[in-house]
Amino acid sequence: MHQDFDLIVIGGGSGGLAAAFRASSHGAKVAMLEPALLGGTCVNLGCVPKKAMWLAADMGLRLGVARTLGFPVPPMTLDWQAFVAHRQRYIANIHDSYRKRLDDAGIAWLPLRGTLRDAHTVECEDGVRLRARRLLIATGAHPRKPDIPGAELGGVSDDFFHWVAPPPRVALVGGGYIAVELAGVLQALGSQVDVFVRGHRLITSFDAELAGQLAEDYRQAGVRVHVDCKLTALKRVGGEDPGIRVHGDGAPEHHFDQVIFATGRRPNTASLGLDAAGVAVDELGYVVVDGRHATNVDSVFAVGDVTRDPALTPVAIAAARRLMDRLYGGRDEPLDRDHIPSVVFSHPPIGMVGLTEQAARERHGDAVSTVRASFRPMLHALADSPQRSLFKLVCVGAERRVVGIHLLGEAADEILQGFAVALKRGITLDDLHDTVAIHPTSAEEVVLMR
């Protein structure tokens with residue numbers, strides 16, 4: 001077969017870039033097609049700008065605490081336009097870094113859309129056809145809106161990153177990562193935020209106890225959380241106080257300046273030509289892959305949010321690198337899906353690795369035990385703030401092997417990484433107890449819980 005490349009990567013987000021760089025490091029001749037900004041959702045409309053806004057909100061909250069503790073800090077609000085300029089400058093530097101790395105690695109980056117014509121051929125939007133021994137689909141996903149009347153009046157998370165000021169009143173529809181993170185940011189930066197959750201609680205993939213404490217922390221901060229609320233429509237309200245009215249079971253009689261839907265995402269597979277190559281997708285359009293990210297077609301693979309993998313940037317990167325190591329580096333180490341740490345950048349952040357208590361009991365029954373610590377971090381205790389932290393360990397068996405670590409509180413995002421390594425290595429509760437604590441810190445609670 002005549003081939004132009006060893007590998008063609010369709011999509012230049014986190015997974016696609018990781019795959020291209022790793023394959024090239026093994027000596028493969030690589031082309032990558034990405035018509036939009038390099039870095040995909042994470043760099044441009046997700047993790048990076050989200051964390052930047054989270055940092056701004058966190059700084060604003062700390063200025064309030066400083067005032068309470070005696071620092072003569074006058075009340076102030078964020079100059080969004082100035083901060084957004086700093087945020088976008090940071091992102092532009094990431095783009096520059098990617099372009100330099102692509103050049104240095106000899107990867108052919110084509111800023112074009114690609115469509116599969118068969119299992120080895122990709123047609124660019126300018127009509128040029130490229131062939132390769134292998135193809136990788138890494139086109140990610142996009143936010144979706146629910147099919148309700150007036151949905152066009154609401155935006156999605158992408159729209160948030162185009163704002164240059166906080167709306168006075170914001171409704172967030174959804175109870176997952178995105179809704180929870182935006183709720184904390186917007187409330188801290190001056191909006192009145194209402195969160196409408198269809199289910200019984202926030203972030204259902206996290207431990208129920210910690211999710212409950214996070215909801216209480218949010219209520220104490222002024223966020224109004226409405227659970228068991230199924231929205232049926234949005235309607236424009238005129239008059240002296242114009243806005244958008246939210247209608248549905250359990251919805252309050254408020255109206256809002258902005259509504260953001262955080263009601264899930266859909267894979268970007270509709271126009272890829274996967275059917276021409278015979279690549280199987282499921283009922284929602286996700287590419288079907290096995291544990292090693294191979295599709296049903298021998299030459300086609302997929303990683304990232306276009307698959308059913310957890311929609312986390314480090315998962316896409318890890319999966320892509322492992323796949324390229326197997327295809328070109330002679331090392332076969334599939335992604336470990338059981339020990340993936342995850343953090344929601346709420347205020348305060350909440351993180352987990354391993355099993356929730358409910359999942360552990362479903363798997364291990366009465367062999368499960370738990371320990372927990374509920375406390376106010378020192379800074380909040382000094383300021384007499386009501387915000388509380390809740391740490392929890394889920395253990396199994398007589399040896400009390402730790403199978404789940406759940407942290408809600410100040411610096412939970414930073415604390416979790418090291419303990420995630422320990423959990424993966426099979427740590428027990430006694431191992432934690434045998435470790436000398438670092439005092440006074442929140443992290444010490446992980447080794448002191450009994």
# chains A, B, ... in the order shown; residues from 1 in each chain; ligands from 1

$ residues_around --residues "Leu17 in chain A" --least-positions-apart "6" --cutoff "12 Å" --atoms "only C-alpha atoms" --output "ChimeraX atom specification"
/A:8-11,23-24,30-34,37-40,42-43,95,97-99,101-102,105,107-109,136-139,303-304,313,316-321,324

$ closest_atom_pairs --of "range 91-165 of chain A" --to "range 276-300 of chain A" --cutoff "8 Å" --atoms "only C-alpha atoms" --output "CSV"
residue,atom,partner,partner_atom,distance
A:Leu116,CA,A:Ala277,CA,6.4
A:Arg117,CA,A:Ala276,CA,5.6
A:Asp118,CA,A:Ala277,CA,4.2
A:Ala119,CA,A:Ala277,CA,4.7
A:His120,CA,A:Ser299,CA,7.0
A:Arg133,CA,A:Ser299,CA,6.6
A:Arg134,CA,A:Ser299,CA,4.7
A:Leu135,CA,A:Val300,CA,4.8
A:Leu136,CA,A:Val300,CA,5.8
A:Ile137,CA,A:Val300,CA,7.5

$ residues_around --residues "Phe196 in chain A" --least-positions-apart "3" --cutoff "9 Å" --atoms "only C-alpha atoms" --output "PyMOL selection string"
chain A and resi 171-175+224-231+251

$ atom_distance --atom1 "CA of Phe391 in chain A" --atom2 "CA of Leu432 in chain A"
13.8 Å

$ select_by_dssp --residues "range 251-423 of chain A" --states "strand (DSSP E or B)" --output "JSON, numbers by chain"
{"A": [255, 256, 258, 259, 260, 261, 265, 266, 267, 281, 287, 294, 300, 301, 302, 342, 343, 344, 350, 351, 352, 353, 354, 368, 369, 370, 371, 372, 373, 374, 375, 389, 390, 391, 392, 393, 394, 395, 396, 401, 402, 403, 404, 405, 406, 407, 408]}

$ write_last_selection --atoms "N, CA and C atoms" --output "tab-separated table (two decimals), in the first residue's frame"
chain	number	residue	atom	x	y	z
A	255	HIS	N	-36.37	35.27	37.61
A	255	HIS	CA	-35.87	35.28	36.25
A	255	HIS	C	-34.45	35.82	36.25
A	256	PHE	N	-33.76	35.59	35.13
A	256	PHE	CA	-32.31	35.71	35.11
A	256	PHE	C	-31.84	36.52	33.92
A	258	GLN	N	-28.83	35.69	32.48
A	258	GLN	CA	-28.21	34.67	31.63
A	258	GLN	C	-28.59	33.30	32.15
A	259	VAL	N	-28.73	32.36	31.20
A	259	VAL	CA	-28.95	30.95	31.54
A	259	VAL	C	-27.88	30.14	30.81
A	260	ILE	N	-27.22	29.28	31.55
A	260	ILE	CA	-26.20	28.40	30.97
A	260	ILE	C	-26.65	26.95	31.14
A	261	PHE	N	-26.72	26.22	30.04
A	261	PHE	CA	-27.01	24.79	30.10
A	261	PHE	C	-25.69	24.02	30.26
A	265	ARG	N	-22.58	16.51	27.02
A	265	ARG	CA	-21.84	16.76	25.80
A	265	ARG	C	-22.08	15.62	24.82
A	266	ARG	N	-21.81	15.89	23.56
A	266	ARG	CA	-21.97	14.89	22.51
A	266	ARG	C	-20.67	14.80	21.71
A	267	PRO	N	-20.30	13.60	21.28
A	267	PRO	CA	-19.03	13.41	20.55
A	267	PRO	C	-19.08	14.06	19.17
A	281	VAL	N	-19.97	3.06	15.87
A	281	VAL	CA	-20.29	4.03	16.92
A	281	VAL	C	-21.52	3.53	17.66
A	287	VAL	N	-17.42	6.71	19.51
A	287	VAL	CA	-16.67	5.65	18.86
A	287	VAL	C	-16.48	4.50	19.84
A	294	ALA	N	-8.65	0.40	20.53
A	294	ALA	CA	-8.80	-0.04	19.15
A	294	ALA	C	-10.28	-0.09	18.80
A	300	VAL	N	-7.84	1.64	12.61
A	300	VAL	CA	-8.43	2.87	13.17
A	300	VAL	C	-8.54	2.76	14.69
A	301	PHE	N	-8.13	3.83	15.36
A	301	PHE	CA	-8.13	3.89	16.81
A	301	PHE	C	-8.80	5.21	17.25
A	302	ALA	N	-9.14	5.32	18.53
A	302	ALA	CA	-9.78	6.53	19.02
A	302	ALA	C	-9.45	6.72	20.49
A	342	SER	N	-9.79	12.43	40.17
A	342	SER	CA	-10.58	13.48	39.51
A	342	SER	C	-10.90	14.57	40.52
A	343	VAL	N	-10.89	15.81	40.04
A	343	VAL	CA	-11.19	16.96	40.90
A	343	VAL	C	-12.20	17.86	40.21
A	344	VAL	N	-13.17	18.33	40.96
A	344	VAL	CA	-14.06	19.39	40.52
A	344	VAL	C	-13.59	20.68	41.18
A	350	ILE	N	-13.40	19.66	45.32
A	350	ILE	CA	-13.74	18.32	45.76
A	350	ILE	C	-13.04	17.33	44.83
A	351	GLY	N	-12.41	16.31	45.42
A	351	GLY	CA	-11.66	15.35	44.62
A	351	GLY	C	-11.88	13.93	45.10
A	352	MET	N	-11.63	12.98	44.21
A	352	MET	CA	-11.79	11.57	44.56
A	352	MET	C	-10.87	10.71	43.71
A	353	VAL	N	-10.52	9.56	44.26
A	353	VAL	CA	-9.86	8.51	43.50
A	353	VAL	C	-10.35	7.19	44.07
A	354	GLY	N	-10.61	6.24	43.19
A	354	GLY	CA	-11.10	4.94	43.64
A	354	GLY	C	-12.61	4.88	43.73
A	368	VAL	N	-16.84	-3.63	53.74
A	368	VAL	CA	-16.50	-2.21	53.60
A	368	VAL	C	-16.61	-1.49	54.93
A	369	SER	N	-15.63	-0.65	55.22
A	369	SER	CA	-15.69	0.25	56.37
A	369	SER	C	-15.24	1.64	55.92
A	370	THR	N	-15.64	2.66	56.67
A	370	THR	CA	-15.28	4.03	56.31
A	370	THR	C	-14.80	4.78	57.55
A	371	VAL	N	-13.94	5.77	57.31
A	371	VAL	CA	-13.56	6.73	58.34
A	371	VAL	C	-13.66	8.11	57.71
A	372	ARG	N	-13.90	9.10	58.52
A	372	ARG	CA	-14.10	10.45	57.98
A	372	ARG	C	-13.62	11.51	58.96
A	373	ALA	N	-13.36	12.69	58.44
A	373	ALA	CA	-12.99	13.84	59.27
A	373	ALA	C	-13.74	15.05	58.74
A	374	SER	N	-14.51	15.70	59.60
A	374	SER	CA	-15.24	16.92	59.24
A	374	SER	C	-14.66	18.04	60.09
A	375	PHE	N	-14.24	19.12	59.43
A	375	PHE	CA	-13.55	20.18	60.17
A	375	PHE	C	-13.61	21.48	59.38
A	389	SER	N	-14.76	21.47	55.62
A	389	SER	CA	-14.14	20.42	54.82
A	389	SER	C	-14.64	19.07	55.31
A	390	LEU	N	-14.66	18.10	54.39
A	390	LEU	CA	-15.03	16.73	54.75
A	390	LEU	C	-14.12	15.78	53.98
A	391	PHE	N	-13.34	14.99	54.71
A	391	PHE	CA	-12.46	13.98	54.13
A	391	PHE	C	-13.00	12.60	54.50
A	392	LYS	N	-12.86	11.65	53.59
A	392	LYS	CA	-13.42	10.32	53.83
A	392	LYS	C	-12.57	9.26	53.14
A	393	LEU	N	-12.33	8.17	53.86
A	393	LEU	CA	-11.63	7.02	53.30
A	393	LEU	C	-12.58	5.82	53.29
A	394	VAL	N	-12.56	5.08	52.20
A	394	VAL	CA	-13.35	3.86	52.07
A	394	VAL	C	-12.38	2.68	52.06
A	395	CYS	N	-12.58	1.75	52.98
A	395	CYS	CA	-11.66	0.64	53.16
A	395	CYS	C	-12.38	-0.69	52.99
A	396	VAL	N	-11.59	-1.74	52.71
A	396	VAL	CA	-12.15	-3.07	52.48
A	396	VAL	C	-11.33	-4.10	53.24
A	401	ARG	N	-7.73	-2.24	53.51
A	401	ARG	CA	-7.10	-1.70	52.31
A	401	ARG	C	-7.93	-0.53	51.80
A	402	VAL	N	-7.28	0.60	51.53
A	402	VAL	CA	-7.98	1.80	51.09
A	402	VAL	C	-8.33	1.67	49.62
A	403	VAL	N	-9.64	1.72	49.32
A	403	VAL	CA	-10.10	1.60	47.93
A	403	VAL	C	-10.75	2.88	47.42
A	404	GLY	N	-10.91	3.87	48.31
A	404	GLY	CA	-11.48	5.15	47.91
A	404	GLY	C	-11.00	6.26	48.80
A	405	ILE	N	-10.55	7.36	48.19
A	405	ILE	CA	-10.14	8.55	48.93
A	405	ILE	C	-10.98	9.71	48.41
A	406	HIS	N	-11.65	10.41	49.32
A	406	HIS	CA	-12.59	11.47	48.94
A	406	HIS	C	-12.30	12.70	49.79
A	407	LEU	N	-12.01	13.81	49.13
A	407	LEU	CA	-11.59	15.03	49.83
A	407	LEU	C	-12.42	16.21	49.34
A	408	LEU	N	-13.02	16.92	50.28
A	408	LEU	CA	-13.68	18.20	50.00
A	408	LEU	C	-13.08	19.23	50.91

$ closest_atom_pairs --of "range 111-220 of chain A" --to "range 57-79 of chain A" --cutoff "7 Å" --atoms "only C-alpha atoms" --output "tab-separated table"
residue	atom	partner	partner_atom	distance
A:Val185	CA	A:Ala57	CA	5.4
A:Ala188	CA	A:Ala57	CA	5.4
A:Leu189	CA	A:Ala57	CA	5.7

$ write_last_selection --atoms "C-alpha atoms" --output "compact mmCIF listing (two decimals), in the first residue's frame"
# COMPACT_ATOMS: atom_id res chain seq x y z
CA VAL A 185 -16.78 31.09 40.11
CA ALA A 188 -17.54 34.55 44.06
CA LEU A 189 -17.17 37.17 41.31

$ residues_around --residues "range 158-169 of chain A" --least-positions-apart "2" --cutoff "9 Å" --atoms "only C-alpha atoms" --output "PyMOL selection string"
chain A and resi 41+44-46+49-50+78-82+84+142-143+155-156+171+182+186+189-194+255-260

$ write_last_selection --atoms "C-alpha atoms" --output "PDB file, in the first residue's frame"
ATOM      1  CA  THR A  41     -11.577  22.097  24.565  1.00  0.00           C
ATOM      2  CA  ASN A  44      -9.395  26.966  24.785  1.00  0.00           C
ATOM      3  CA  LEU A  45     -12.830  26.421  26.344  1.00  0.00           C
ATOM      4  CA  GLY A  46     -12.280  24.142  29.314  1.00  0.00           C
ATOM      5  CA  PRO A  49      -9.495  29.157  31.080  1.00  0.00           C
ATOM      6  CA  LYS A  50     -11.762  27.555  33.727  1.00  0.00           C
ATOM      7  CA  LEU A  78     -12.627  42.103  39.305  1.00  0.00           C
ATOM      8  CA  ASP A  79     -11.893  43.995  36.097  1.00  0.00           C
ATOM      9  CA  TRP A  80     -12.991  41.119  33.864  1.00  0.00           C
ATOM     10  CA  GLN A  81     -11.663  42.602  30.656  1.00  0.00           C
ATOM     11  CA  ALA A  82      -8.208  43.100  32.145  1.00  0.00           C
ATOM     12  CA  VAL A  84      -9.421  38.021  30.356  1.00  0.00           C
ATOM     13  CA  HIS A 142     -19.217  19.584  22.258  1.00  0.00           C
ATOM     14  CA  PRO A 143     -21.813  20.863  24.760  1.00  0.00           C
ATOM     15  CA  GLY A 155     -26.060  29.443  26.344  1.00  0.00           C
ATOM     16  CA  VAL A 156     -23.532  26.691  27.049  1.00  0.00           C
ATOM     17  CA  ALA A 171     -29.141  30.236  36.176  1.00  0.00           C
ATOM     18  CA  LEU A 182     -19.213  27.801  37.084  1.00  0.00           C
ATOM     19  CA  LEU A 186     -19.741  33.295  39.264  1.00  0.00           C
ATOM     20  CA  LEU A 189     -17.169  37.165  41.310  1.00  0.00           C
ATOM     21  CA  GLY A 190     -20.428  38.939  42.010  1.00  0.00           C
ATOM     22  CA  SER A 191     -23.351  37.119  40.381  1.00  0.00           C
ATOM     23  CA  GLN A 192     -26.368  35.711  42.166  1.00  0.00           C
ATOM     24  CA  VAL A 193     -26.351  32.093  41.063  1.00  0.00           C
ATOM     25  CA  ASP A 194     -29.143  29.532  40.991  1.00  0.00           C
ATOM     26  CA  HIS A 255     -35.869  35.281  36.251  1.00  0.00           C
ATOM     27  CA  PHE A 256     -32.313  35.710  35.113  1.00  0.00           C
ATOM     28  CA  ASP A 257     -30.001  37.758  32.947  1.00  0.00           C
ATOM     29  CA  GLN A 258     -28.209  34.674  31.627  1.00  0.00           C
ATOM     30  CA  VAL A 259     -28.952  30.955  31.539  1.00  0.00           C
ATOM     31  CA  ILE A 260     -26.203  28.395  30.971  1.00  0.00           C
TER      32      ILE A 260
END

$ decode --residues "range 246-271 of chain A" --atoms "N, CA and C atoms" --output "PDB file, in the first residue's frame"
ATOM      1  N   VAL A 246     -37.264  30.795  33.977  1.00  0.00           N
ATOM      2  CA  VAL A 246     -37.083  29.351  33.937  1.00  0.00           C
ATOM      3  C   VAL A 246     -38.371  28.690  34.389  1.00  0.00           C
ATOM      4  N   HIS A 247     -38.894  27.777  33.578  1.00  0.00           N
ATOM      5  CA  HIS A 247     -40.124  27.074  33.915  1.00  0.00           C
ATOM      6  C   HIS A 247     -39.839  25.582  34.097  1.00  0.00           C
ATOM      7  N   GLY A 248     -40.505  24.998  35.088  1.00  0.00           N
ATOM      8  CA  GLY A 248     -40.343  23.572  35.311  1.00  0.00           C
ATOM      9  C   GLY A 248     -40.799  23.172  36.685  1.00  0.00           C
ATOM     10  N   ASP A 249     -40.847  21.863  36.915  1.00  0.00           N
ATOM     11  CA  ASP A 249     -41.256  21.329  38.212  1.00  0.00           C
ATOM     12  C   ASP A 249     -40.251  21.760  39.280  1.00  0.00           C
ATOM     13  N   GLY A 250     -40.720  22.456  40.283  1.00  0.00           N
ATOM     14  CA  GLY A 250     -39.856  22.888  41.374  1.00  0.00           C
ATOM     15  C   GLY A 250     -39.063  24.141  41.097  1.00  0.00           C
ATOM     16  N   ALA A 251     -39.288  24.771  39.940  1.00  0.00           N
ATOM     17  CA  ALA A 251     -38.535  25.990  39.615  1.00  0.00           C
ATOM     18  C   ALA A 251     -39.122  27.186  40.353  1.00  0.00           C
ATOM     19  N   PRO A 252     -38.314  28.031  40.972  1.00  0.00           N
ATOM     20  CA  PRO A 252     -38.815  29.208  41.681  1.00  0.00           C
ATOM     21  C   PRO A 252     -39.258  30.295  40.700  1.00  0.00           C
ATOM     22  N   GLU A 253     -39.949  31.286  41.210  1.00  0.00           N
ATOM     23  CA  GLU A 253     -40.459  32.373  40.365  1.00  0.00           C
ATOM     24  C   GLU A 253     -39.405  33.467  40.188  1.00  0.00           C
ATOM     25  N   HIS A 254     -38.185  33.057  39.820  1.00  0.00           N
ATOM     26  CA  HIS A 254     -37.134  34.033  39.545  1.00  0.00           C
ATOM     27  C   HIS A 254     -36.961  34.162  38.033  1.00  0.00           C
ATOM     28  N   HIS A 255     -36.370  35.271  37.611  1.00  0.00           N
ATOM     29  CA  HIS A 255     -35.869  35.281  36.251  1.00  0.00           C
ATOM     30  C   HIS A 255     -34.449  35.824  36.247  1.00  0.00           C
ATOM     31  N   PHE A 256     -33.761  35.595  35.134  1.00  0.00           N
ATOM     32  CA  PHE A 256     -32.313  35.710  35.113  1.00  0.00           C
ATOM     33  C   PHE A 256     -31.843  36.520  33.919  1.00  0.00           C
ATOM     34  N   ASP A 257     -30.614  37.038  34.056  1.00  0.00           N
ATOM     35  CA  ASP A 257     -30.001  37.758  32.947  1.00  0.00           C
ATOM     36  C   ASP A 257     -29.330  36.806  31.965  1.00  0.00           C
ATOM     37  N   GLN A 258     -28.827  35.689  32.478  1.00  0.00           N
ATOM     38  CA  GLN A 258     -28.209  34.674  31.627  1.00  0.00           C
ATOM     39  C   GLN A 258     -28.586  33.296  32.146  1.00  0.00           C
ATOM     40  N   VAL A 259     -28.735  32.361  31.204  1.00  0.00           N
ATOM     41  CA  VAL A 259     -28.952  30.955  31.539  1.00  0.00           C
ATOM     42  C   VAL A 259     -27.885  30.139  30.814  1.00  0.00           C
ATOM     43  N   ILE A 260     -27.221  29.278  31.553  1.00  0.00           N
ATOM     44  CA  ILE A 260     -26.203  28.395  30.971  1.00  0.00           C
ATOM     45  C   ILE A 260     -26.654  26.950  31.142  1.00  0.00           C
ATOM     46  N   PHE A 261     -26.720  26.220  30.035  1.00  0.00           N
ATOM     47  CA  PHE A 261     -27.005  24.787  30.098  1.00  0.00           C
ATOM     48  C   PHE A 261     -25.693  24.022  30.264  1.00  0.00           C
ATOM     49  N   ALA A 262     -25.632  23.204  31.310  1.00  0.00           N
ATOM     50  CA  ALA A 262     -24.510  22.291  31.522  1.00  0.00           C
ATOM     51  C   ALA A 262     -25.105  20.891  31.633  1.00  0.00           C
ATOM     52  N   THR A 263     -25.716  20.460  30.538  1.00  0.00           N
ATOM     53  CA  THR A 263     -26.553  19.250  30.527  1.00  0.00           C
ATOM     54  C   THR A 263     -25.957  18.146  29.669  1.00  0.00           C
ATOM     55  N   GLY A 264     -24.634  18.099  29.605  1.00  0.00           N
ATOM     56  CA  GLY A 264     -23.989  17.011  28.901  1.00  0.00           C
ATOM     57  C   GLY A 264     -23.331  17.444  27.603  1.00  0.00           C
ATOM     58  N   ARG A 265     -22.584  16.511  27.024  1.00  0.00           N
ATOM     59  CA  ARG A 265     -21.839  16.760  25.798  1.00  0.00           C
ATOM     60  C   ARG A 265     -22.082  15.621  24.817  1.00  0.00           C
ATOM     61  N   ARG A 266     -21.811  15.895  23.561  1.00  0.00           N
ATOM     62  CA  ARG A 266     -21.966  14.894  22.508  1.00  0.00           C
ATOM     63  C   ARG A 266     -20.670  14.798  21.712  1.00  0.00           C
ATOM     64  N   PRO A 267     -20.299  13.603  21.281  1.00  0.00           N
ATOM     65  CA  PRO A 267     -19.034  13.413  20.550  1.00  0.00           C
ATOM     66  C   PRO A 267     -19.082  14.055  19.173  1.00  0.00           C
ATOM     67  N   ASN A 268     -17.934  14.537  18.729  1.00  0.00           N
ATOM     68  CA  ASN A 268     -17.814  15.151  17.406  1.00  0.00           C
ATOM     69  C   ASN A 268     -17.516  14.074  16.364  1.00  0.00           C
ATOM     70  N   THR A 269     -18.549  13.323  16.006  1.00  0.00           N
ATOM     71  CA  THR A 269     -18.374  12.238  15.038  1.00  0.00           C
ATOM     72  C   THR A 269     -19.286  12.351  13.833  1.00  0.00           C
ATOM     73  N   ALA A 270     -20.202  13.317  13.830  1.00  0.00           N
ATOM     74  CA  ALA A 270     -21.269  13.330  12.831  1.00  0.00           C
ATOM     75  C   ALA A 270     -20.766  13.434  11.403  1.00  0.00           C
ATOM     76  N   SER A 271     -19.701  14.178  11.157  1.00  0.00           N
ATOM     77  CA  SER A 271     -19.264  14.412   9.780  1.00  0.00           C
ATOM     78  C   SER A 271     -17.859  13.879   9.502  1.00  0.00           C
TER      79      SER A 271
END
